[in-house]
Each structure stands twice: as C-alpha cells, then as structure tokens.
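**Student:** One file: target23.cif (mmCIF, N, CA, C and O atoms).
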data_target
#
loop_
_atom_site.label_atom_id
_atom_site.label_comp_id
_atom_site.auth_asym_id
_atom_site.auth_seq_id
_atom_site.Cartn_x
_atom_site.Cartn_y
_atom_site.Cartn_z
N MET C 19 42.09 78.53 -71.99
CA MET C 19 42.36 78.52 -70.56
C MET C 19 42.96 77.16 -70.20
O MET C 19 42.45 76.12 -70.57
N ASN C 20 44.02 77.18 -69.43
CA ASN C 20 44.67 75.96 -68.99
C ASN C 20 44.34 75.75 -67.51
O ASN C 20 44.72 76.56 -66.67
N HIS C 21 43.62 74.69 -67.19
CA HIS C 21 43.28 74.41 -65.80
C HIS C 21 43.30 72.93 -65.55
O HIS C 21 43.37 72.13 -66.48
N LYS C 22 43.23 72.54 -64.27
CA LYS C 22 43.35 71.14 -63.89
C LYS C 22 42.00 70.46 -63.67
O LYS C 22 41.95 69.31 -63.31
N CYS C 23 40.90 71.17 -63.86
CA CYS C 23 39.57 70.58 -63.64
C CYS C 23 39.28 69.53 -64.69
O CYS C 23 39.65 69.67 -65.85
N GLY C 24 38.59 68.48 -64.28
CA GLY C 24 38.21 67.44 -65.22
C GLY C 24 37.06 67.89 -66.11
O GLY C 24 36.38 68.87 -65.84
N GLU C 25 36.86 67.19 -67.16
CA GLU C 25 35.78 67.52 -68.10
C GLU C 25 34.40 67.36 -67.47
O GLU C 25 33.44 67.94 -67.93
N ASP C 26 34.28 66.55 -66.42
CA ASP C 26 32.99 66.32 -65.80
C ASP C 26 32.66 67.36 -64.72
O ASP C 26 31.62 67.30 -64.10
N GLY C 27 33.53 68.33 -64.50
CA GLY C 27 33.28 69.38 -63.51
C GLY C 27 32.18 70.32 -63.97
O GLY C 27 31.91 70.48 -65.15
N GLU C 28 31.51 70.93 -62.98
CA GLU C 28 30.46 71.90 -63.28
C GLU C 28 31.06 73.22 -63.71
O GLU C 28 31.99 73.71 -63.08
N ARG C 29 30.51 73.82 -64.75
CA ARG C 29 30.93 75.15 -65.19
C ARG C 29 29.96 76.16 -64.59
O ARG C 29 28.96 76.51 -65.21
N LEU C 30 30.26 76.61 -63.38
CA LEU C 30 29.34 77.48 -62.65
C LEU C 30 29.08 78.78 -63.38
O LEU C 30 28.00 79.36 -63.24
N ILE C 31 30.01 79.24 -64.17
CA ILE C 31 29.84 80.48 -64.92
C ILE C 31 28.66 80.38 -65.91
O ILE C 31 28.09 81.38 -66.33
N ASP C 32 28.28 79.16 -66.27
CA ASP C 32 27.16 78.96 -67.19
C ASP C 32 25.80 79.16 -66.52
O ASP C 32 24.78 79.23 -67.20
N TYR C 33 25.76 79.21 -65.18
CA TYR C 33 24.50 79.36 -64.46
C TYR C 33 24.23 80.85 -64.22
O TYR C 33 24.71 81.44 -63.26
N VAL C 34 23.45 81.43 -65.11
CA VAL C 34 23.09 82.85 -65.03
C VAL C 34 21.59 82.93 -64.77
O VAL C 34 20.83 82.24 -65.46
N PRO C 35 21.11 83.63 -63.80
CA PRO C 35 21.77 84.61 -62.94
C PRO C 35 22.30 84.04 -61.62
O PRO C 35 22.85 84.77 -60.81
N GLN C 36 22.15 82.74 -61.38
CA GLN C 36 22.50 82.17 -60.08
C GLN C 36 23.93 82.50 -59.64
O GLN C 36 24.17 82.79 -58.48
N PHE C 37 24.88 82.46 -60.56
CA PHE C 37 26.26 82.67 -60.17
C PHE C 37 26.81 84.01 -60.64
O PHE C 37 28.01 84.18 -60.83
N ASN C 38 25.91 85.01 -60.81
CA ASN C 38 26.38 86.37 -61.06
C ASN C 38 27.22 86.84 -59.88
O ASN C 38 28.21 87.55 -60.04
N TYR C 39 26.79 86.48 -58.67
CA TYR C 39 27.53 86.74 -57.43
C TYR C 39 27.46 85.47 -56.61
O TYR C 39 26.40 84.86 -56.48
N VAL C 40 28.57 85.07 -56.02
CA VAL C 40 28.59 83.81 -55.27
C VAL C 40 29.66 83.86 -54.18
O VAL C 40 30.71 84.47 -54.36
N LEU C 41 29.34 83.23 -53.05
CA LEU C 41 30.31 83.04 -51.98
C LEU C 41 30.37 81.56 -51.65
O LEU C 41 29.35 80.87 -51.63
N PHE C 42 31.55 81.07 -51.39
CA PHE C 42 31.76 79.69 -51.00
C PHE C 42 31.52 79.58 -49.50
O PHE C 42 32.12 80.31 -48.72
N ILE C 43 30.63 78.68 -49.10
CA ILE C 43 30.41 78.41 -47.68
C ILE C 43 31.40 77.32 -47.29
O ILE C 43 31.47 76.28 -47.93
N ASP C 44 32.17 77.57 -46.26
CA ASP C 44 33.27 76.69 -45.85
C ASP C 44 32.72 75.33 -45.41
O ASP C 44 32.48 75.10 -44.23
N TYR C 45 32.50 74.46 -46.37
CA TYR C 45 31.94 73.14 -46.10
C TYR C 45 32.77 72.09 -46.83
O TYR C 45 33.03 72.23 -48.03
N ASN C 46 33.18 71.08 -46.15
CA ASN C 46 33.93 69.96 -46.71
C ASN C 46 35.14 70.40 -47.53
O ASN C 46 35.42 69.87 -48.59
N LYS C 47 35.87 71.38 -47.00
CA LYS C 47 37.04 71.87 -47.73
C LYS C 47 38.14 70.81 -47.81
O LYS C 47 39.02 70.90 -48.65
N GLU C 48 38.05 69.79 -46.94
CA GLU C 48 39.02 68.70 -47.01
C GLU C 48 38.69 67.71 -48.13
O GLU C 48 39.49 66.85 -48.45
N GLY C 49 37.50 67.81 -48.70
CA GLY C 49 37.10 66.93 -49.80
C GLY C 49 36.80 65.51 -49.38
O GLY C 49 37.13 64.56 -50.09
N VAL C 50 36.15 65.34 -48.22
CA VAL C 50 35.80 64.01 -47.73
C VAL C 50 34.76 63.38 -48.65
O VAL C 50 33.69 63.95 -48.87
N PHE C 51 35.08 62.23 -49.21
CA PHE C 51 34.20 61.54 -50.14
C PHE C 51 32.85 61.26 -49.49
O PHE C 51 32.77 60.83 -48.35
N GLY C 52 31.78 61.51 -50.23
CA GLY C 52 30.43 61.23 -49.77
C GLY C 52 29.76 62.37 -49.01
O GLY C 52 28.58 62.29 -48.70
N LYS C 53 30.52 63.42 -48.68
CA LYS C 53 29.94 64.55 -47.95
C LYS C 53 29.50 65.69 -48.86
O LYS C 53 29.03 66.71 -48.40
N GLY C 54 29.67 65.54 -50.15
CA GLY C 54 29.32 66.60 -51.09
C GLY C 54 30.52 67.49 -51.36
O GLY C 54 31.47 67.54 -50.59
N ALA C 55 30.46 68.18 -52.47
CA ALA C 55 31.62 68.96 -52.91
C ALA C 55 31.68 70.35 -52.32
O ALA C 55 32.73 70.80 -51.89
N ALA C 56 30.56 71.05 -52.29
CA ALA C 56 30.58 72.44 -51.83
C ALA C 56 29.16 72.93 -51.59
O ALA C 56 28.21 72.38 -52.13
N ILE C 57 29.05 73.96 -50.78
CA ILE C 57 27.79 74.68 -50.62
C ILE C 57 28.11 76.14 -50.92
O ILE C 57 29.08 76.69 -50.41
N PHE C 58 27.29 76.75 -51.75
CA PHE C 58 27.49 78.14 -52.12
C PHE C 58 26.31 78.98 -51.65
O PHE C 58 25.18 78.50 -51.58
N LEU C 59 26.59 80.24 -51.37
CA LEU C 59 25.55 81.26 -51.22
C LEU C 59 25.56 82.00 -52.54
O LEU C 59 26.59 82.54 -52.95
N HIS C 60 24.44 81.95 -53.24
CA HIS C 60 24.39 82.56 -54.57
C HIS C 60 23.03 83.19 -54.83
O HIS C 60 22.13 83.13 -54.00
N CYS C 61 22.90 83.82 -55.99
CA CYS C 61 21.64 84.49 -56.38
C CYS C 61 20.58 83.46 -56.71
O CYS C 61 20.87 82.36 -57.17
N ARG C 62 19.32 83.84 -56.50
CA ARG C 62 18.21 82.98 -56.89
C ARG C 62 18.11 82.90 -58.40
O ARG C 62 18.40 83.86 -59.11
N GLY C 63 17.66 81.76 -58.86
CA GLY C 63 17.39 81.60 -60.27
C GLY C 63 15.90 81.63 -60.52
O GLY C 63 15.14 82.27 -59.78
N THR C 64 15.44 80.89 -61.51
CA THR C 64 14.02 80.87 -61.85
C THR C 64 13.22 79.92 -60.97
O THR C 64 12.00 79.99 -60.95
N HIS C 65 13.89 79.03 -60.25
CA HIS C 65 13.20 78.07 -59.38
C HIS C 65 13.23 78.56 -57.93
O HIS C 65 14.05 79.37 -57.55
N LYS C 66 12.33 78.01 -57.13
CA LYS C 66 12.28 78.35 -55.71
C LYS C 66 13.19 77.45 -54.88
O LYS C 66 13.11 77.45 -53.67
N TYR C 67 14.03 76.70 -55.53
CA TYR C 67 14.90 75.77 -54.82
C TYR C 67 16.30 75.81 -55.43
O TYR C 67 16.53 76.38 -56.49
N THR C 68 17.25 75.20 -54.71
CA THR C 68 18.61 75.04 -55.21
C THR C 68 18.92 73.54 -55.19
O THR C 68 18.10 72.74 -54.75
N HIS C 69 20.10 73.20 -55.59
CA HIS C 69 20.54 71.79 -55.53
C HIS C 69 21.51 71.60 -54.37
O HIS C 69 22.59 71.07 -54.52
N GLY C 70 21.10 72.10 -53.19
CA GLY C 70 21.91 71.95 -51.99
C GLY C 70 22.62 73.20 -51.54
O GLY C 70 23.29 73.20 -50.52
N CYS C 71 22.47 74.29 -52.25
CA CYS C 71 23.09 75.55 -51.88
C CYS C 71 22.08 76.43 -51.14
O CYS C 71 21.00 75.98 -50.79
N VAL C 72 22.46 77.67 -50.92
CA VAL C 72 21.58 78.67 -50.32
C VAL C 72 21.48 79.83 -51.31
O VAL C 72 22.51 80.30 -51.80
N ALA C 73 20.27 80.26 -51.61
CA ALA C 73 20.08 81.32 -52.60
C ALA C 73 19.24 82.45 -52.04
O ALA C 73 18.29 82.23 -51.30
N ILE C 74 19.65 83.68 -52.39
CA ILE C 74 18.91 84.89 -52.02
C ILE C 74 18.78 85.75 -53.27
O ILE C 74 19.41 85.49 -54.29
N THR C 75 17.96 86.78 -53.19
CA THR C 75 17.77 87.65 -54.36
C THR C 75 19.10 88.30 -54.73
O THR C 75 19.99 88.48 -53.89
N GLU C 76 19.24 88.66 -56.00
CA GLU C 76 20.48 89.27 -56.45
C GLU C 76 20.73 90.60 -55.73
O GLU C 76 21.87 90.90 -55.37
N ASP C 77 19.67 91.38 -55.49
CA ASP C 77 19.82 92.64 -54.75
C ASP C 77 20.43 92.38 -53.36
O ASP C 77 21.35 93.09 -52.93
N ASN C 78 19.92 91.37 -52.67
CA ASN C 78 20.46 91.04 -51.35
C ASN C 78 21.87 90.46 -51.45
O ASN C 78 22.72 90.73 -50.60
N MET C 79 22.13 89.69 -52.49
CA MET C 79 23.46 89.11 -52.67
C MET C 79 24.50 90.20 -52.88
O MET C 79 25.60 90.13 -52.33
N VAL C 80 24.16 91.24 -53.63
CA VAL C 80 25.07 92.36 -53.84
C VAL C 80 25.40 93.02 -52.50
O VAL C 80 26.56 93.32 -52.20
N LYS C 81 24.38 93.21 -51.66
CA LYS C 81 24.60 93.81 -50.33
C LYS C 81 25.53 92.94 -49.48
O LYS C 81 26.42 93.44 -48.80
N VAL C 82 25.31 91.64 -49.52
CA VAL C 82 26.15 90.72 -48.75
C VAL C 82 27.60 90.79 -49.24
O VAL C 82 28.54 90.91 -48.44
N VAL C 83 27.80 90.71 -50.54
CA VAL C 83 29.15 90.73 -51.11
C VAL C 83 29.88 92.03 -50.75
O VAL C 83 31.08 92.02 -50.48
N GLN C 84 29.16 93.13 -50.72
CA GLN C 84 29.78 94.41 -50.40
C GLN C 84 30.21 94.50 -48.94
O GLN C 84 31.10 95.27 -48.60
N ARG C 85 29.58 93.72 -48.07
CA ARG C 85 29.84 93.83 -46.63
C ARG C 85 30.63 92.66 -46.04
O ARG C 85 31.05 92.73 -44.89
N VAL C 86 30.80 91.61 -46.76
CA VAL C 86 31.42 90.40 -46.23
C VAL C 86 32.91 90.62 -45.96
O VAL C 86 33.57 91.42 -46.63
N ASP C 87 33.42 89.94 -44.93
CA ASP C 87 34.86 89.92 -44.69
C ASP C 87 35.26 88.50 -44.30
O ASP C 87 34.41 87.62 -44.20
N LYS C 88 36.53 88.29 -44.05
CA LYS C 88 37.02 86.93 -43.80
C LYS C 88 36.50 86.32 -42.51
O LYS C 88 36.58 85.11 -42.31
N ASN C 89 35.92 87.12 -41.62
CA ASN C 89 35.41 86.62 -40.35
C ASN C 89 33.92 86.33 -40.36
O ASN C 89 33.37 85.93 -39.35
N VAL C 90 33.26 86.53 -41.49
CA VAL C 90 31.82 86.33 -41.56
C VAL C 90 31.47 84.85 -41.35
O VAL C 90 32.23 83.96 -41.72
N ARG C 91 30.34 84.63 -40.72
CA ARG C 91 29.83 83.27 -40.52
C ARG C 91 28.43 83.21 -41.13
O ARG C 91 27.58 84.04 -40.81
N ILE C 92 28.19 82.25 -41.99
CA ILE C 92 26.88 82.05 -42.59
C ILE C 92 26.23 80.88 -41.89
O ILE C 92 26.77 79.77 -41.89
N CYS C 93 25.10 81.13 -41.25
CA CYS C 93 24.37 80.09 -40.52
C CYS C 93 23.13 79.71 -41.30
O CYS C 93 22.42 80.57 -41.80
N ILE C 94 22.87 78.42 -41.39
CA ILE C 94 21.72 77.92 -42.14
C ILE C 94 20.72 77.34 -41.14
O ILE C 94 21.03 76.42 -40.40
N TYR C 95 19.54 77.93 -41.13
CA TYR C 95 18.47 77.49 -40.24
C TYR C 95 17.26 77.08 -41.08
O TYR C 95 17.03 77.64 -42.14
N PRO C 96 16.46 76.13 -40.59
CA PRO C 96 15.25 75.77 -41.34
C PRO C 96 14.27 76.93 -41.36
O PRO C 96 14.19 77.71 -40.42
N HIS C 97 13.52 77.01 -42.45
CA HIS C 97 12.49 78.03 -42.58
C HIS C 97 11.40 77.74 -41.56
O HIS C 97 10.98 76.59 -41.39
N LYS C 98 10.90 78.75 -40.85
CA LYS C 98 9.91 78.54 -39.79
C LYS C 98 8.67 77.81 -40.30
O LYS C 98 8.17 76.92 -39.64
N ASN C 99 8.14 78.18 -41.46
CA ASN C 99 6.93 77.54 -41.98
C ASN C 99 7.18 76.07 -42.30
O ASN C 99 6.34 75.23 -42.05
N LYS C 100 8.33 75.75 -42.84
CA LYS C 100 8.65 74.35 -43.17
C LYS C 100 8.83 73.54 -41.90
O LYS C 100 8.43 72.39 -41.83
N ALA C 101 9.44 74.12 -40.88
CA ALA C 101 9.63 73.42 -39.62
C ALA C 101 8.27 73.10 -38.99
O ALA C 101 8.07 72.01 -38.45
N LYS C 102 7.32 74.02 -39.05
CA LYS C 102 5.99 73.78 -38.51
C LYS C 102 5.27 72.67 -39.26
O LYS C 102 4.63 71.84 -38.68
N LYS C 103 5.41 72.68 -40.59
CA LYS C 103 4.74 71.65 -41.40
C LYS C 103 5.25 70.27 -41.05
O LYS C 103 4.50 69.33 -40.94
N LYS C 104 6.56 70.13 -40.83
CA LYS C 104 7.13 68.83 -40.50
C LYS C 104 6.62 68.35 -39.16
O LYS C 104 6.39 67.17 -38.97
N LYS C 105 6.42 69.25 -38.20
CA LYS C 105 5.93 68.86 -36.89
C LYS C 105 4.49 68.36 -36.94
O LYS C 105 4.10 67.52 -36.18
N ASN C 106 3.71 68.89 -37.89
CA ASN C 106 2.29 68.52 -38.00
C ASN C 106 2.08 67.23 -38.77
O ASN C 106 0.97 66.73 -38.78
N VAL C 107 3.10 66.70 -39.39
CA VAL C 107 2.94 65.50 -40.22
C VAL C 107 2.94 64.27 -39.36
O VAL C 107 3.48 64.12 -38.35
#
Can you turn what I pasted into structure tokens?

**Tutor:**
Amino acid sequence: MNHKCGEDGERLIDYVPQFNYVLFIDYNKEGVFGKGAAIFLHCRGTHKYTHGCVAITEDNMVKVVQRVDKNVRICIYPHKNKAKKKKNV
C-alpha cells in the first residue's frame, strides 16, 4: 500500500474490536496543534474507557452506522452518575 502517513501514525485497523465500525466526529479537522488529532465514535473494547474517543457496544454501533447520514450530529454529555460524584467532592 502506498500512502502518505508517517511511520509514527496509529494503525486503527489493528484495534479489534474497537474499530470494527467507526465514525469520525468532526473535531479539529483543521489540525490545530495541541487540540488533539481526532475523536471517533467506535465499538467498545475490553476496557470501560477510551483514550479520548466515545465508545458504544458493537450492536449499537451497527445500528448507528446503518442510520447515519451527513446531517447527523453527535453530542457528548457527561454521564449523570459521574456528574453527581464530581459535585459531591
């Protein structure tokens, strides 16, 4: 494969099952230094966390991919339980 990516780029295809299905969340598409490279909506892996992305079950991800169109908006809100815990600290 001939591509322009550097050797230090992430090979997302290697992350299974997380990247079995994935959508790019329109974040920092201008590539502003220091703001991060990208945020993805992808399948959950073995951990309960991501490295800055948003993850849902593969079953739900399949449903999203089947219904998404160019006008879709993905909104990220804090989890209610986590928001309550922060208020009590």

**Student:** Set up a box along x, y and z of the file covering all listed atoms of range 41-58 of chain C, add 6 Å on every one of the six sides, and write the centre and edge lengths in Å to one decimal, as AutoDock Vina command-line options.

**Tutor:**
--center_x 32.3 --center_y 72.0 --center_z -48.6 --size_x 26.3 --size_y 34.4 --size_z 20.8

**Student:** Please report, as a PDB file with N, CA, C and O atoms, keeping the file's coordinate frame, each residue of range 33-104 of chain C to which DSSP assigns strand (DSSP E) when run on this structure's backbone.

**Tutor:**
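Output file selection.pdb follows:
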ATOM      1  N   VAL C  40      28.570  85.070 -56.020  1.00  0.00           N
ATOM      2  CA  VAL C  40      28.590  83.810 -55.270  1.00  0.00           C
ATOM      3  C   VAL C  40      29.660  83.860 -54.180  1.00  0.00           C
ATOM      4  O   VAL C  40      30.710  84.470 -54.360  1.00  0.00           O
ATOM      5  N   LEU C  41      29.340  83.230 -53.050  1.00  0.00           N
ATOM      6  CA  LEU C  41      30.310  83.040 -51.980  1.00  0.00           C
ATOM      7  C   LEU C  41      30.370  81.560 -51.650  1.00  0.00           C
ATOM      8  O   LEU C  41      29.350  80.870 -51.630  1.00  0.00           O
ATOM      9  N   PHE C  42      31.550  81.070 -51.390  1.00  0.00           N
ATOM     10  CA  PHE C  42      31.760  79.690 -51.000  1.00  0.00           C
ATOM     11  C   PHE C  42      31.520  79.580 -49.500  1.00  0.00           C
ATOM     12  O   PHE C  42      32.120  80.310 -48.720  1.00  0.00           O
ATOM     13  N   ILE C  43      30.630  78.680 -49.100  1.00  0.00           N
ATOM     14  CA  ILE C  43      30.410  78.410 -47.680  1.00  0.00           C
ATOM     15  C   ILE C  43      31.400  77.320 -47.290  1.00  0.00           C
ATOM     16  O   ILE C  43      31.470  76.280 -47.930  1.00  0.00           O
ATOM     17  N   ILE C  57      29.050  73.960 -50.780  1.00  0.00           N
ATOM     18  CA  ILE C  57      27.790  74.680 -50.620  1.00  0.00           C
ATOM     19  C   ILE C  57      28.110  76.140 -50.920  1.00  0.00           C
ATOM     20  O   ILE C  57      29.080  76.690 -50.410  1.00  0.00           O
ATOM     21  N   PHE C  58      27.290  76.750 -51.750  1.00  0.00           N
ATOM     22  CA  PHE C  58      27.490  78.140 -52.120  1.00  0.00           C
ATOM     23  C   PHE C  58      26.310  78.980 -51.650  1.00  0.00           C
ATOM     24  O   PHE C  58      25.180  78.500 -51.580  1.00  0.00           O
ATOM     25  N   LEU C  59      26.590  80.240 -51.370  1.00  0.00           N
ATOM     26  CA  LEU C  59      25.550  81.260 -51.220  1.00  0.00           C
ATOM     27  C   LEU C  59      25.560  82.000 -52.540  1.00  0.00           C
ATOM     28  O   LEU C  59      26.590  82.540 -52.950  1.00  0.00           O
ATOM     29  N   HIS C  60      24.440  81.950 -53.240  1.00  0.00           N
ATOM     30  CA  HIS C  60      24.390  82.560 -54.570  1.00  0.00           C
ATOM     31  C   HIS C  60      23.030  83.190 -54.830  1.00  0.00           C
ATOM     32  O   HIS C  60      22.130  83.130 -54.000  1.00  0.00           O
ATOM     33  N   CYS C  61      22.900  83.820 -55.990  1.00  0.00           N
ATOM     34  CA  CYS C  61      21.640  84.490 -56.380  1.00  0.00           C
ATOM     35  C   CYS C  61      20.580  83.460 -56.710  1.00  0.00           C
ATOM     36  O   CYS C  61      20.870  82.360 -57.170  1.00  0.00           O
ATOM     37  N   VAL C  72      22.460  77.670 -50.920  1.00  0.00           N
ATOM     38  CA  VAL C  72      21.580  78.670 -50.320  1.00  0.00           C
ATOM     39  C   VAL C  72      21.480  79.830 -51.310  1.00  0.00           C
ATOM     40  O   VAL C  72      22.510  80.300 -51.800  1.00  0.00           O
ATOM     41  N   ALA C  73      20.270  80.260 -51.610  1.00  0.00           N
ATOM     42  CA  ALA C  73      20.080  81.320 -52.600  1.00  0.00           C
ATOM     43  C   ALA C  73      19.240  82.450 -52.040  1.00  0.00           C
ATOM     44  O   ALA C  73      18.290  82.230 -51.300  1.00  0.00           O
ATOM     45  N   ILE C  74      19.650  83.680 -52.390  1.00  0.00           N
ATOM     46  CA  ILE C  74      18.910  84.890 -52.020  1.00  0.00           C
ATOM     47  C   ILE C  74      18.780  85.750 -53.270  1.00  0.00           C
ATOM     48  O   ILE C  74      19.410  85.490 -54.290  1.00  0.00           O
TER      49      ILE C  74
END

**Student:** Quick check on the file I pasted: which residues fall under the PyMOL selection byres ((chain C and resi 69-84) around 5)? Write them as JSON, numbers by chain.

**Tutor:** {"C": [57, 58, 59, 60, 61, 62, 67, 68, 85, 86]}

**Student:** What gap, in Å, lies between CA of Glu28 in chain C and CA of Ala56 in chain C?

**Tutor:**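 These atoms are spaced 11.5 Å apart.
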
**Student:** How many Å separate CA of Thr64 in chain C from CA of Gln36 in chain C?

**Tutor:**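 One can read the CA of Thr64 in chain C to CA of Gln36 in chain C distance as 8.8 Å.
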
**Student:** With distances taken over only C-alpha atoms, which of C:Gly63, C:Asn89, C:Tyr95, C:Gly54 is nearest to Pro35 in chain C?

**Tutor:** C:Gly63

**Student:** Please compute the CA of Ile94 in chain C-CA of Ile43 in chain C distance, one decimal, in Å.

**Tutor:**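 Interatomic distance here is 10.3 Å.
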